[in-house]
>>> print(open('work.tsv').read())   # TSV, C-alpha atoms and all ligand atoms
chain	number	residue	atom	x	y	z
A	1	MET	CA	-39.51	17.14	-94.97
A	2	HIS	CA	-41.06	19.51	-92.42
A	3	PRO	CA	-38.43	20.62	-89.86
A	4	ILE	CA	-40.66	19.41	-87.00
A	5	SER	CA	-40.99	16.01	-88.65
A	6	LYS	CA	-37.23	15.83	-89.03
A	7	LYS	CA	-36.61	16.74	-85.39
A	8	LEU	CA	-39.18	14.20	-84.24
A	9	SER	CA	-37.63	11.36	-86.19
A	10	GLU	CA	-34.18	12.28	-84.89
A	11	LEU	CA	-35.56	12.39	-81.34
A	12	ARG	CA	-37.28	9.01	-81.68
A	13	LYS	CA	-33.95	7.52	-82.74
A	14	GLN	CA	-32.23	9.03	-79.72
A	15	ILE	CA	-34.94	7.74	-77.39
A	16	ALA	CA	-34.63	4.24	-78.87
A	17	HIS	CA	-30.86	4.40	-78.56
A	18	SER	CA	-31.01	5.42	-74.88
A	19	ALA	CA	-33.55	2.70	-74.20
A	20	GLN	CA	-31.40	0.03	-75.81
A	21	LYS	CA	-28.35	1.25	-73.94
A	22	ALA	CA	-30.30	0.81	-70.70
A	23	GLY	CA	-31.49	-2.64	-71.74
A	24	ARG	CA	-35.06	-1.44	-72.16
A	25	GLU	CA	-37.63	-1.76	-74.90
A	26	PRO	CA	-37.96	1.54	-76.84
A	27	SER	CA	-41.72	0.95	-76.87
A	28	SER	CA	-41.75	1.16	-73.04
A	29	ILE	CA	-41.08	4.92	-73.28
A	30	LYS	CA	-43.83	7.37	-74.16
A	31	LEU	CA	-42.97	10.68	-75.75
A	32	VAL	CA	-45.09	13.63	-74.65
A	33	ALA	CA	-44.54	16.58	-77.00
A	34	ALA	CA	-44.53	19.65	-74.73
A	35	SER	CA	-46.44	22.10	-76.91
A	36	LYS	CA	-47.01	25.13	-74.68
A	37	PHE	CA	-47.16	28.37	-76.69
A	38	GLN	CA	-46.84	26.42	-79.94
A	39	SER	CA	-49.22	27.25	-82.76
A	40	ILE	CA	-51.93	24.90	-83.99
A	41	GLU	CA	-49.93	24.68	-87.20
A	42	ASN	CA	-46.82	23.41	-85.42
A	43	ILE	CA	-48.81	20.89	-83.43
A	44	LYS	CA	-50.44	19.69	-86.66
A	45	ALA	CA	-47.00	19.22	-88.21
A	46	ALA	CA	-46.01	17.00	-85.28
A	47	TYR	CA	-49.32	15.15	-85.54
A	48	GLU	CA	-48.75	14.53	-89.22
A	49	ALA	CA	-45.33	13.14	-88.33
A	50	GLY	CA	-47.11	10.58	-86.16
A	51	GLN	CA	-46.98	12.25	-82.74
A	52	ARG	CA	-50.17	11.59	-80.73
A	53	ILE	CA	-49.39	12.64	-77.15
A	54	PHE	CA	-49.09	16.35	-76.38
A	55	GLY	CA	-48.52	18.09	-73.05
A	56	GLU	CA	-49.83	21.54	-72.20
A	57	ASN	CA	-49.13	23.81	-69.23
A	58	TYR	CA	-52.28	25.94	-69.08
A	59	ALA	CA	-55.76	24.45	-68.76
A	60	GLN	CA	-57.43	26.97	-71.04
A	61	GLU	CA	-54.76	26.64	-73.71
A	62	LEU	CA	-55.15	22.85	-73.60
A	63	ARG	CA	-58.89	23.18	-74.11
A	64	GLU	CA	-58.63	25.66	-76.97
A	65	LYS	CA	-56.11	23.49	-78.79
A	66	ALA	CA	-57.97	20.24	-78.15
A	67	GLU	CA	-61.12	21.76	-79.63
A	68	GLN	CA	-59.30	22.57	-82.87
A	69	LEU	CA	-57.16	19.50	-83.30
A	70	PRO	CA	-57.86	15.83	-84.14
A	71	LYS	CA	-59.75	13.88	-81.50
A	72	ASP	CA	-57.28	11.03	-81.32
A	73	ILE	CA	-54.68	13.24	-79.65
A	74	GLU	CA	-53.95	12.22	-76.07
A	75	TRP	CA	-53.64	15.46	-74.10
A	76	HIS	CA	-51.59	15.54	-70.91
A	77	MET	CA	-51.67	18.42	-68.49
A	78	ILE	CA	-48.10	19.01	-67.33
A	79	GLY	CA	-48.48	22.44	-65.72
A	80	ASN	CA	-49.87	23.63	-62.42
A	81	VAL	CA	-53.70	23.64	-62.26
A	82	GLN	CA	-55.81	25.96	-60.14
A	83	ARG	CA	-58.98	24.21	-59.02
A	84	ARG	CA	-61.15	26.84	-60.71
A	85	ASN	CA	-59.51	25.95	-64.05
A	86	PHE	CA	-60.06	22.22	-63.79
A	87	LYS	CA	-63.31	22.55	-65.74
A	88	HIS	CA	-61.30	23.39	-68.87
A	89	LEU	CA	-59.53	20.05	-68.67
A	90	LEU	CA	-62.75	18.07	-68.89
A	91	PRO	CA	-63.33	16.28	-71.18
A	92	HIS	CA	-60.10	16.74	-73.16
A	93	CYS	CA	-57.36	15.82	-70.74
A	94	ALA	CA	-56.38	12.13	-70.71
A	95	CYS	CA	-53.86	12.52	-67.91
A	96	LEU	CA	-53.05	15.14	-65.30
A	97	GLU	CA	-49.32	14.75	-64.66
A	98	SER	CA	-49.17	17.49	-62.04
A	99	LEU	CA	-51.50	16.52	-59.19
A	100	ASP	CA	-50.02	17.96	-56.01
A	101	SER	CA	-52.84	19.16	-53.76
A	102	LEU	CA	-55.82	17.75	-51.91
A	103	GLU	CA	-57.88	20.75	-53.05
A	104	LEU	CA	-57.36	19.74	-56.67
A	105	ALA	CA	-58.01	16.07	-55.80
A	106	GLU	CA	-61.32	17.13	-54.25
A	107	THR	CA	-62.28	19.07	-57.36
A	108	ILE	CA	-61.46	16.13	-59.61
A	109	GLU	CA	-63.50	13.78	-57.44
A	110	LYS	CA	-66.45	16.14	-57.52
A	111	ARG	CA	-66.38	17.17	-61.17
A	112	SER	CA	-65.08	14.23	-63.13
A	113	PRO	CA	-67.88	11.98	-64.34
A	114	GLN	CA	-65.51	9.03	-64.69
A	115	PRO	CA	-62.16	7.71	-63.42
A	116	PHE	CA	-59.46	10.31	-63.91
A	117	THR	CA	-55.84	9.40	-64.59
A	118	ALA	CA	-53.12	11.32	-62.78
A	119	PHE	CA	-49.47	11.37	-61.81
A	120	LEU	CA	-48.29	12.96	-58.58
A	121	GLN	CA	-45.88	15.80	-59.16
A	122	ILE	CA	-42.98	15.68	-56.73
A	123	ASN	CA	-40.83	18.72	-55.98
A	124	ILE	CA	-37.80	16.48	-56.00
A	125	GLY	CA	-35.23	19.24	-55.43
A	126	ASP	CA	-37.35	20.95	-52.73
A	127	GLU	CA	-37.19	24.22	-54.68
A	128	SER	CA	-39.43	27.03	-53.49
A	129	SER	CA	-39.93	28.13	-57.11
A	130	LYS	CA	-41.46	24.82	-58.16
A	131	SER	CA	-44.79	23.21	-57.48
A	132	GLY	CA	-45.16	19.60	-56.44
A	133	LEU	CA	-45.37	17.63	-53.23
A	134	SER	CA	-42.30	17.62	-51.06
A	135	HIS	CA	-40.63	14.25	-50.75
A	136	ALA	CA	-41.51	14.25	-47.04
A	137	ASP	CA	-45.24	14.88	-47.61
A	138	THR	CA	-45.75	12.34	-50.35
A	139	LEU	CA	-46.57	9.31	-48.24
A	140	SER	CA	-49.19	11.14	-46.19
A	141	PHE	CA	-50.68	12.55	-49.41
A	142	VAL	CA	-50.94	9.06	-50.88
A	143	THR	CA	-52.66	7.87	-47.68
A	144	GLN	CA	-55.26	10.61	-48.08
A	145	LEU	CA	-56.01	9.70	-51.69
A	146	LYS	CA	-58.24	6.92	-50.38
A	147	ALA	CA	-60.95	9.57	-50.07
A	148	PHE	CA	-60.84	10.14	-53.86
A	149	PRO	CA	-61.59	6.81	-55.52
A	150	LYS	CA	-62.05	8.35	-58.98
A	151	ILE	CA	-58.39	9.34	-59.15
A	152	LYS	CA	-56.20	6.63	-60.69
A	153	VAL	CA	-52.60	7.37	-59.84
A	154	LEU	CA	-50.35	5.80	-62.45
A	155	GLY	CA	-47.03	7.23	-61.37
A	156	LEU	CA	-44.84	10.15	-60.35
A	157	MET	CA	-43.61	13.19	-62.24
A	158	CYS	CA	-40.75	15.58	-61.48
A	159	ILE	CA	-38.80	18.51	-62.87
A	160	PRO	CA	-35.37	18.48	-61.23
A	161	PRO	CA	-33.41	21.68	-60.54
A	162	PHE	CA	-32.11	23.03	-63.83
A	163	SER	CA	-28.50	22.45	-64.71
A	164	GLU	CA	-26.67	22.57	-68.03
A	165	ASP	CA	-25.14	19.20	-67.25
A	166	PRO	CA	-27.72	16.40	-67.62
A	167	GLU	CA	-25.68	14.24	-65.22
A	168	ASP	CA	-26.74	16.62	-62.44
A	169	SER	CA	-30.33	15.42	-62.95
A	170	ARG	CA	-29.43	11.76	-62.42
A	171	PRO	CA	-29.60	11.63	-58.59
A	172	TYR	CA	-33.04	13.32	-58.70
A	173	PHE	CA	-34.34	10.86	-61.28
A	174	ALA	CA	-33.03	7.98	-59.15
A	175	GLN	CA	-34.79	9.48	-56.11
A	176	LEU	CA	-38.08	9.65	-57.97
A	177	ARG	CA	-37.78	6.00	-58.96
A	178	GLU	CA	-36.94	5.00	-55.38
A	179	LEU	CA	-39.89	7.02	-54.06
A	180	ARG	CA	-42.24	5.24	-56.47
A	181	ASP	CA	-40.90	1.87	-55.34
A	182	GLU	CA	-41.25	2.84	-51.66
A	183	ILE	CA	-44.86	3.85	-52.15
A	184	ASN	CA	-45.59	0.64	-54.01
A	185	VAL	CA	-44.20	-1.38	-51.10
A	186	THR	CA	-46.71	0.28	-48.75
A	187	ALA	CA	-49.57	-0.94	-50.96
A	188	LEU	CA	-51.55	2.21	-50.06
A	189	LEU	CA	-52.79	2.54	-53.61
A	190	PRO	CA	-55.23	0.05	-55.11
A	191	GLN	CA	-52.68	-0.68	-57.84
A	192	PRO	CA	-48.91	-0.26	-57.88
A	193	MET	CA	-47.62	2.76	-59.79
A	194	THR	CA	-45.78	1.85	-62.95
A	195	GLU	CA	-44.98	5.23	-64.50
A	196	LEU	CA	-42.20	7.76	-64.07
A	197	SER	CA	-42.55	11.01	-66.04
A	198	MET	CA	-39.11	12.56	-66.05
A	199	GLY	CA	-36.65	13.96	-68.55
A	200	MET	CA	-36.88	16.95	-70.90
A	201	SER	CA	-34.96	18.00	-74.01
A	202	HIS	CA	-31.59	18.30	-72.32
A	203	ASP	CA	-31.68	15.34	-69.92
A	204	PHE	CA	-34.07	12.69	-71.31
A	205	ALA	CA	-31.24	10.25	-72.07
A	206	VAL	CA	-30.23	10.19	-68.40
A	207	ALA	CA	-33.90	9.95	-67.35
A	208	ILE	CA	-34.39	6.88	-69.55
A	209	GLU	CA	-31.32	5.25	-68.02
A	210	GLU	CA	-32.90	5.88	-64.60
A	211	GLY	CA	-36.23	4.34	-65.56
A	212	ALA	CA	-38.37	7.07	-67.16
A	213	THR	CA	-41.48	5.66	-68.84
A	214	VAL	CA	-42.63	9.11	-70.00
A	215	VAL	CA	-40.38	11.88	-71.32
A	216	ARG	CA	-41.77	15.39	-71.86
A	217	ILE	CA	-39.95	17.15	-74.66
A	218	GLY	CA	-40.52	20.59	-76.18
A	219	SER	CA	-37.53	22.50	-77.48
A	220	ALA	CA	-35.97	19.45	-79.18
A	221	ILE	CA	-39.12	19.20	-81.34
A	222	PHE	CA	-40.55	22.68	-81.79
A	223	PRO	CA	-39.08	26.05	-82.76
A	224	PRO	CA	-38.61	28.53	-79.92
A	225	ARG	CA	-41.74	30.53	-79.08
A	226	ALA	CA	-42.17	33.84	-77.33
A	227	GLN	CA	-43.96	33.36	-74.00
A	228	GLY	CA	-47.70	33.81	-74.11
A	229	VAL	CA	-47.95	33.97	-77.91
A	230	LEU	CA	-50.47	31.49	-79.24
B	301	LIG	C1	-41.87	22.95	-71.21
B	301	LIG	C2	-41.89	21.75	-70.36
B	301	LIG	C3	-41.21	20.58	-70.72
B	301	LIG	C4	-40.32	20.49	-71.95
B	301	LIG	O1	-39.16	21.21	-71.75
B	301	LIG	P1	-38.04	21.32	-72.93
B	301	LIG	O2	-36.82	21.70	-72.20
B	301	LIG	O3	-38.55	22.35	-73.88
B	301	LIG	O4	-37.95	19.98	-73.55
B	301	LIG	C5	-41.33	19.47	-69.90
B	301	LIG	N1	-42.06	19.50	-68.77
B	301	LIG	C6	-42.72	20.59	-68.38
B	301	LIG	C7	-43.52	20.55	-67.14
B	301	LIG	C8	-42.65	21.75	-69.16
B	301	LIG	O5	-43.30	22.86	-68.75
>>> encode(input="work.tsv", output="C-alpha cells")
Amino acid sequence: MHPISKKLSELRKQIAHSAQKAGREPSSIKLVAASKFQSIENIKAAYEAGQRIFGENYAQELREKAEQLPKDIEWHMIGNVQRRNFKHLLPHCACLESLDSLELAETIEKRSPQPFTAFLQINIGDESSKSGLSHADTLSFVTQLKAFPKIKVLGLMCIPPFSEDPEDSRPYFAQLRELRDEINVTALLPQPMTELSMGMSHDFAVAIEEGATVVRIGSAIFPPRAQGVL
C-alpha cells in the first residue's frame, strides 16, 4: 500500500471516530487535502486512494496542478489571493475559502462568468500575521456583499493561533461557529451559511467536536516538503 493511501485511510477513520463521538454523521465532514508544495505524483497517489478535494495556497500553483490532474478533482483555494492572480483560479477553482476583501469580491464579480462559491476567512485570533476579516468587521463586510450577487457565501473559514495543544484551538472554533450563527440570524445573506472550514492536522478532532464541516489537512496525509519546491 502506498504510504499516502495508508495515511489517508487512517485519517478517514479518525475523522469518522471524532464525528461519531460528537454525535455527527461522518459523511457531514468534508476532507480537503492541503497539497501546497506537494508533487503531482503525491497528489495522484491521494487521488488513487479516493481523495477528490484538494486545497492549494497559491493561485498559479493551483492552476498548474489542475491542468495536469484529473478533471473530477474539486480544487479549493485556501491561501490568500491577490486580485491580479484571480484569473489563475478560473475556471479550476470550485471554492475560494479565503475571501476577505471587497477588492477581491469586486474582481470575482467582474471576472467570473458564473456564480462563484466562497467562504469568508476570519482572522479569529486577531493576529497581525494572518489574513482574514477581523471579527468586528465581519458583519459590515457581509452587508456589503449585496453588491456582488455572483458570490455565493457558503460559510466561514479560520486558522486559529498556533499552539501545540489542540485544546487551545477550541475557543476559537466555538467563536467561528457562533459568528456563523449570528450572521445567519441577521438574514443578510440570501441563504444561511451552513459550512465551517476549521481544523488542520493537529486539531481537526477538536474542530469536528465544535462543528467543522470542512477540515483542511496536509501533514497528516503527505510527506514533508521543502517550501517552494514543486
Ligand atoms: C497548509 C494548510 C493547512 C494544512 O495544515 P497541516 O497542519 O499540514 O494539516 C490547512 N489550512 C491552510 C490554510 C494551510 O495553508
>>> closest_residue(input="work.tsv", among="A:Pro113, A:Pro192, A:Pro161, A:Gly55", to="ligand LIG 301 (chain B)", atoms="all atoms listed in the file")
A:Gly55
>>> residues_near_ligand(input="work.tsv", ligand="ligand LIG 301 (chain B)", cutoff="12 Å", atoms="all atoms listed in the file", output="PyMOL selection string")
chain A and resi 11+31-38+54-58+76-81+96-99+121-123+130-132+157-160+162-164+166+197-205+214-225+227
>>> write_last_selection(input="work.tsv", atoms="C-alpha atoms", output="PDB file, in the frame of the given file")
ATOM      1  CA  LEU A  11     -35.560  12.390 -81.340  1.00  0.00           C
ATOM      2  CA  LEU A  31     -42.970  10.680 -75.750  1.00  0.00           C
ATOM      3  CA  VAL A  32     -45.090  13.630 -74.650  1.00  0.00           C
ATOM      4  CA  ALA A  33     -44.540  16.580 -77.000  1.00  0.00           C
ATOM      5  CA  ALA A  34     -44.530  19.650 -74.730  1.00  0.00           C
ATOM      6  CA  SER A  35     -46.440  22.100 -76.910  1.00  0.00           C
ATOM      7  CA  LYS A  36     -47.010  25.130 -74.680  1.00  0.00           C
ATOM      8  CA  PHE A  37     -47.160  28.370 -76.690  1.00  0.00           C
ATOM      9  CA  GLN A  38     -46.840  26.420 -79.940  1.00  0.00           C
ATOM     10  CA  PHE A  54     -49.090  16.350 -76.380  1.00  0.00           C
ATOM     11  CA  GLY A  55     -48.520  18.090 -73.050  1.00  0.00           C
ATOM     12  CA  GLU A  56     -49.830  21.540 -72.200  1.00  0.00           C
ATOM     13  CA  ASN A  57     -49.130  23.810 -69.230  1.00  0.00           C
ATOM     14  CA  TYR A  58     -52.280  25.940 -69.080  1.00  0.00           C
ATOM     15  CA  HIS A  76     -51.590  15.540 -70.910  1.00  0.00           C
ATOM     16  CA  MET A  77     -51.670  18.420 -68.490  1.00  0.00           C
ATOM     17  CA  ILE A  78     -48.100  19.010 -67.330  1.00  0.00           C
ATOM     18  CA  GLY A  79     -48.480  22.440 -65.720  1.00  0.00           C
ATOM     19  CA  ASN A  80     -49.870  23.630 -62.420  1.00  0.00           C
ATOM     20  CA  VAL A  81     -53.700  23.640 -62.260  1.00  0.00           C
ATOM     21  CA  LEU A  96     -53.050  15.140 -65.300  1.00  0.00           C
ATOM     22  CA  GLU A  97     -49.320  14.750 -64.660  1.00  0.00           C
ATOM     23  CA  SER A  98     -49.170  17.490 -62.040  1.00  0.00           C
ATOM     24  CA  LEU A  99     -51.500  16.520 -59.190  1.00  0.00           C
ATOM     25  CA  GLN A 121     -45.880  15.800 -59.160  1.00  0.00           C
ATOM     26  CA  ILE A 122     -42.980  15.680 -56.730  1.00  0.00           C
ATOM     27  CA  ASN A 123     -40.830  18.720 -55.980  1.00  0.00           C
ATOM     28  CA  LYS A 130     -41.460  24.820 -58.160  1.00  0.00           C
ATOM     29  CA  SER A 131     -44.790  23.210 -57.480  1.00  0.00           C
ATOM     30  CA  GLY A 132     -45.160  19.600 -56.440  1.00  0.00           C
ATOM     31  CA  MET A 157     -43.610  13.190 -62.240  1.00  0.00           C
ATOM     32  CA  CYS A 158     -40.750  15.580 -61.480  1.00  0.00           C
ATOM     33  CA  ILE A 159     -38.800  18.510 -62.870  1.00  0.00           C
ATOM     34  CA  PRO A 160     -35.370  18.480 -61.230  1.00  0.00           C
ATOM     35  CA  PHE A 162     -32.110  23.030 -63.830  1.00  0.00           C
ATOM     36  CA  SER A 163     -28.500  22.450 -64.710  1.00  0.00           C
ATOM     37  CA  GLU A 164     -26.670  22.570 -68.030  1.00  0.00           C
ATOM     38  CA  PRO A 166     -27.720  16.400 -67.620  1.00  0.00           C
ATOM     39  CA  SER A 197     -42.550  11.010 -66.040  1.00  0.00           C
ATOM     40  CA  MET A 198     -39.110  12.560 -66.050  1.00  0.00           C
ATOM     41  CA  GLY A 199     -36.650  13.960 -68.550  1.00  0.00           C
ATOM     42  CA  MET A 200     -36.880  16.950 -70.900  1.00  0.00           C
ATOM     43  CA  SER A 201     -34.960  18.000 -74.010  1.00  0.00           C
ATOM     44  CA  HIS A 202     -31.590  18.300 -72.320  1.00  0.00           C
ATOM     45  CA  ASP A 203     -31.680  15.340 -69.920  1.00  0.00           C
ATOM     46  CA  PHE A 204     -34.070  12.690 -71.310  1.00  0.00           C
ATOM     47  CA  ALA A 205     -31.240  10.250 -72.070  1.00  0.00           C
ATOM     48  CA  VAL A 214     -42.630   9.110 -70.000  1.00  0.00           C
ATOM     49  CA  VAL A 215     -40.380  11.880 -71.320  1.00  0.00           C
ATOM     50  CA  ARG A 216     -41.770  15.390 -71.860  1.00  0.00           C
ATOM     51  CA  ILE A 217     -39.950  17.150 -74.660  1.00  0.00           C
ATOM     52  CA  GLY A 218     -40.520  20.590 -76.180  1.00  0.00           C
ATOM     53  CA  SER A 219     -37.530  22.500 -77.480  1.00  0.00           C
ATOM     54  CA  ALA A 220     -35.970  19.450 -79.180  1.00  0.00           C
ATOM     55  CA  ILE A 221     -39.120  19.200 -81.340  1.00  0.00           C
ATOM     56  CA  PHE A 222     -40.550  22.680 -81.790  1.00  0.00           C
ATOM     57  CA  PRO A 223     -39.080  26.050 -82.760  1.00  0.00           C
ATOM     58  CA  PRO A 224     -38.610  28.530 -79.920  1.00  0.00           C
ATOM     59  CA  ARG A 225     -41.740  30.530 -79.080  1.00  0.00           C
ATOM     60  CA  GLN A 227     -43.960  33.360 -74.000  1.00  0.00           C
TER      61      GLN A 227
END
>>> atom_distance(input="work.tsv", atom1="atom CA of A:Ala94", atom2="atom CA of A:Arg24")
25.3 Å
>>> closest_residue(input="work.tsv", among="A:Val153, A:Ile40, A:Ala45, A:Ala212", to="A:Cys95", atoms="all atoms listed in the file")
A:Val153
>>> residues_around(input="work.tsv", residues="A:His2", least_positions_apart="4", cutoff="12 Å", atoms="only C-alpha atoms", output="PyMOL selection string")
chain A and resi 6-9+41-49+221-223
>>> write_last_selection(input="work.tsv", atoms="C-alpha atoms", output="JSON list (two decimals), in the coordinates of the input")
[["chain", "number", "residue", "atom", "x", "y", "z"],
["A", 6, "LYS", "CA", -37.23, 15.83, -89.03],
["A", 7, "LYS", "CA", -36.61, 16.74, -85.39],
["A", 8, "LEU", "CA", -39.18, 14.20, -84.24],
["A", 9, "SER", "CA", -37.63, 11.36, -86.19],
["A", 41, "GLU", "CA", -49.93, 24.68, -87.20],
["A", 42, "ASN", "CA", -46.82, 23.41, -85.42],
["A", 43, "ILE", "CA", -48.81, 20.89, -83.43],
["A", 44, "LYS", "CA", -50.44, 19.69, -86.66],
["A", 45, "ALA", "CA", -47.00, 19.22, -88.21],
["A", 46, "ALA", "CA", -46.01, 17.00, -85.28],
["A", 47, "TYR", "CA", -49.32, 15.15, -85.54],
["A", 48, "GLU", "CA", -48.75, 14.53, -89.22],
["A", 49, "ALA", "CA", -45.33, 13.14, -88.33],
["A", 221, "ILE", "CA", -39.12, 19.20, -81.34],
["A", 222, "PHE", "CA", -40.55, 22.68, -81.79],
["A", 223, "PRO", "CA", -39.08, 26.05, -82.76]]
>>> closest_residue(input="work.tsv", among="A:Glu64, A:Gly155, A:Leu102, A:Leu139", to="A:Leu120", atoms="all atoms listed in the file")
A:Gly155
>>> atom_distance(input="work.tsv", atom1="atom CA of A:Glu178", atom2="atom CA of A:Val142")
15.3 Å
>>> atom_distance(input="work.tsv", atom1="atom CA of A:Ala136", atom2="atom CA of A:Pro149")
23.0 Å
>>> closest_residue(input="work.tsv", among="A:Ser39, A:Ser28, A:Gln51, A:Ser140", to="A:Ser5", atoms="all atoms listed in the file")
A:Gln51
>>> residues_around(input="work.tsv", residues="A:Ala105", least_positions_apart="2", cutoff="12 Å", atoms="only C-alpha atoms", output="MDAnalysis selection string")
chainID A and resid 81:83 86 96 98:103 107:112 116:120 141:142 144:153
>>> residues_around(input="work.tsv", residues="A:Val206", least_positions_apart="6", cutoff="12 Å", atoms="only C-alpha atoms", output="list of chain:residue names")
A:Gln14, A:Ile15, A:His17, A:Ser18, A:Ala19, A:Lys21, A:Ala22, A:Asp165, A:Pro166, A:Glu167, A:Asp168, A:Ser169, A:Arg170, A:Pro171, A:Tyr172, A:Phe173, A:Ala174, A:Met198, A:Gly199, A:Met200, A:Ala212, A:Val215
>>> closest_residue(input="work.tsv", among="A:Glu61, A:Ile183, A:Cys93, A:Pro190", to="A:Asp137", atoms="only C-alpha atoms")
A:Ile183
>>> residues_around(input="work.tsv", residues="A:Arg63", least_positions_apart="5", cutoff="7 Å", atoms="only C-alpha atoms", output="list in words")
His88, Leu89 and His92 of chain A
>>> residues_around(input="work.tsv", residues="A:Gly211", least_positions_apart="3", cutoff="8 Å", atoms="only C-alpha atoms", output="PyMOL selection string")
chain A and resi 177+196+207-208
>>> closest_residue(input="work.tsv", among="A:Glu209, A:Pro115, A:Leu154, A:Asp72", to="A:Asn184", atoms="only C-alpha atoms")
A:Leu154
>>> decode(input="work.tsv", residues="stretch 41-55 of chain A", atoms="N, CA and C atoms", output="short mmCIF file (atom, residue, chain, number, x, y, z; two decimals), in the first residue's frame")
data_model
loop_
_atom_site.label_atom_id
_atom_site.label_comp_id
_atom_site.auth_asym_id
_atom_site.auth_seq_id
_atom_site.Cartn_x
_atom_site.Cartn_y
_atom_site.Cartn_z
N GLU A 41 2.84 13.76 -8.43
CA GLU A 41 2.88 12.33 -8.09
C GLU A 41 2.20 12.05 -6.74
N ASN A 42 2.50 12.87 -5.74
CA ASN A 42 1.88 12.67 -4.43
C ASN A 42 0.38 12.94 -4.46
N ILE A 43 0.00 13.95 -5.24
CA ILE A 43 -1.43 14.25 -5.33
C ILE A 43 -2.15 13.10 -6.05
N LYS A 44 -1.49 12.56 -7.07
CA LYS A 44 -2.07 11.40 -7.78
C LYS A 44 -2.25 10.21 -6.84
N ALA A 45 -1.27 10.00 -5.97
CA ALA A 45 -1.38 8.88 -5.02
C ALA A 45 -2.60 9.07 -4.12
N ALA A 46 -2.83 10.31 -3.69
CA ALA A 46 -4.02 10.57 -2.85
C ALA A 46 -5.30 10.40 -3.68
N TYR A 47 -5.25 10.84 -4.91
CA TYR A 47 -6.40 10.69 -5.81
C TYR A 47 -6.73 9.21 -6.00
N GLU A 48 -5.70 8.43 -6.23
CA GLU A 48 -5.92 6.99 -6.43
C GLU A 48 -6.45 6.32 -5.17
N ALA A 49 -6.17 6.93 -4.02
CA ALA A 49 -6.72 6.40 -2.77
C ALA A 49 -8.12 6.97 -2.51
N GLY A 50 -8.68 7.63 -3.51
CA GLY A 50 -10.08 8.07 -3.41
C GLY A 50 -10.28 9.53 -3.02
N GLN A 51 -9.20 10.26 -2.75
CA GLN A 51 -9.36 11.66 -2.35
C GLN A 51 -9.73 12.52 -3.57
N ARG A 52 -10.75 13.36 -3.44
CA ARG A 52 -11.18 14.17 -4.59
C ARG A 52 -11.12 15.67 -4.33
N ILE A 53 -11.01 16.10 -3.08
CA ILE A 53 -10.95 17.54 -2.80
C ILE A 53 -9.54 17.90 -2.35
N PHE A 54 -8.94 18.86 -3.05
CA PHE A 54 -7.59 19.31 -2.71
C PHE A 54 -7.61 20.82 -2.50
N GLY A 55 -6.78 21.28 -1.57
CA GLY A 55 -6.69 22.71 -1.29
C GLY A 55 -5.30 23.20 -1.60
#
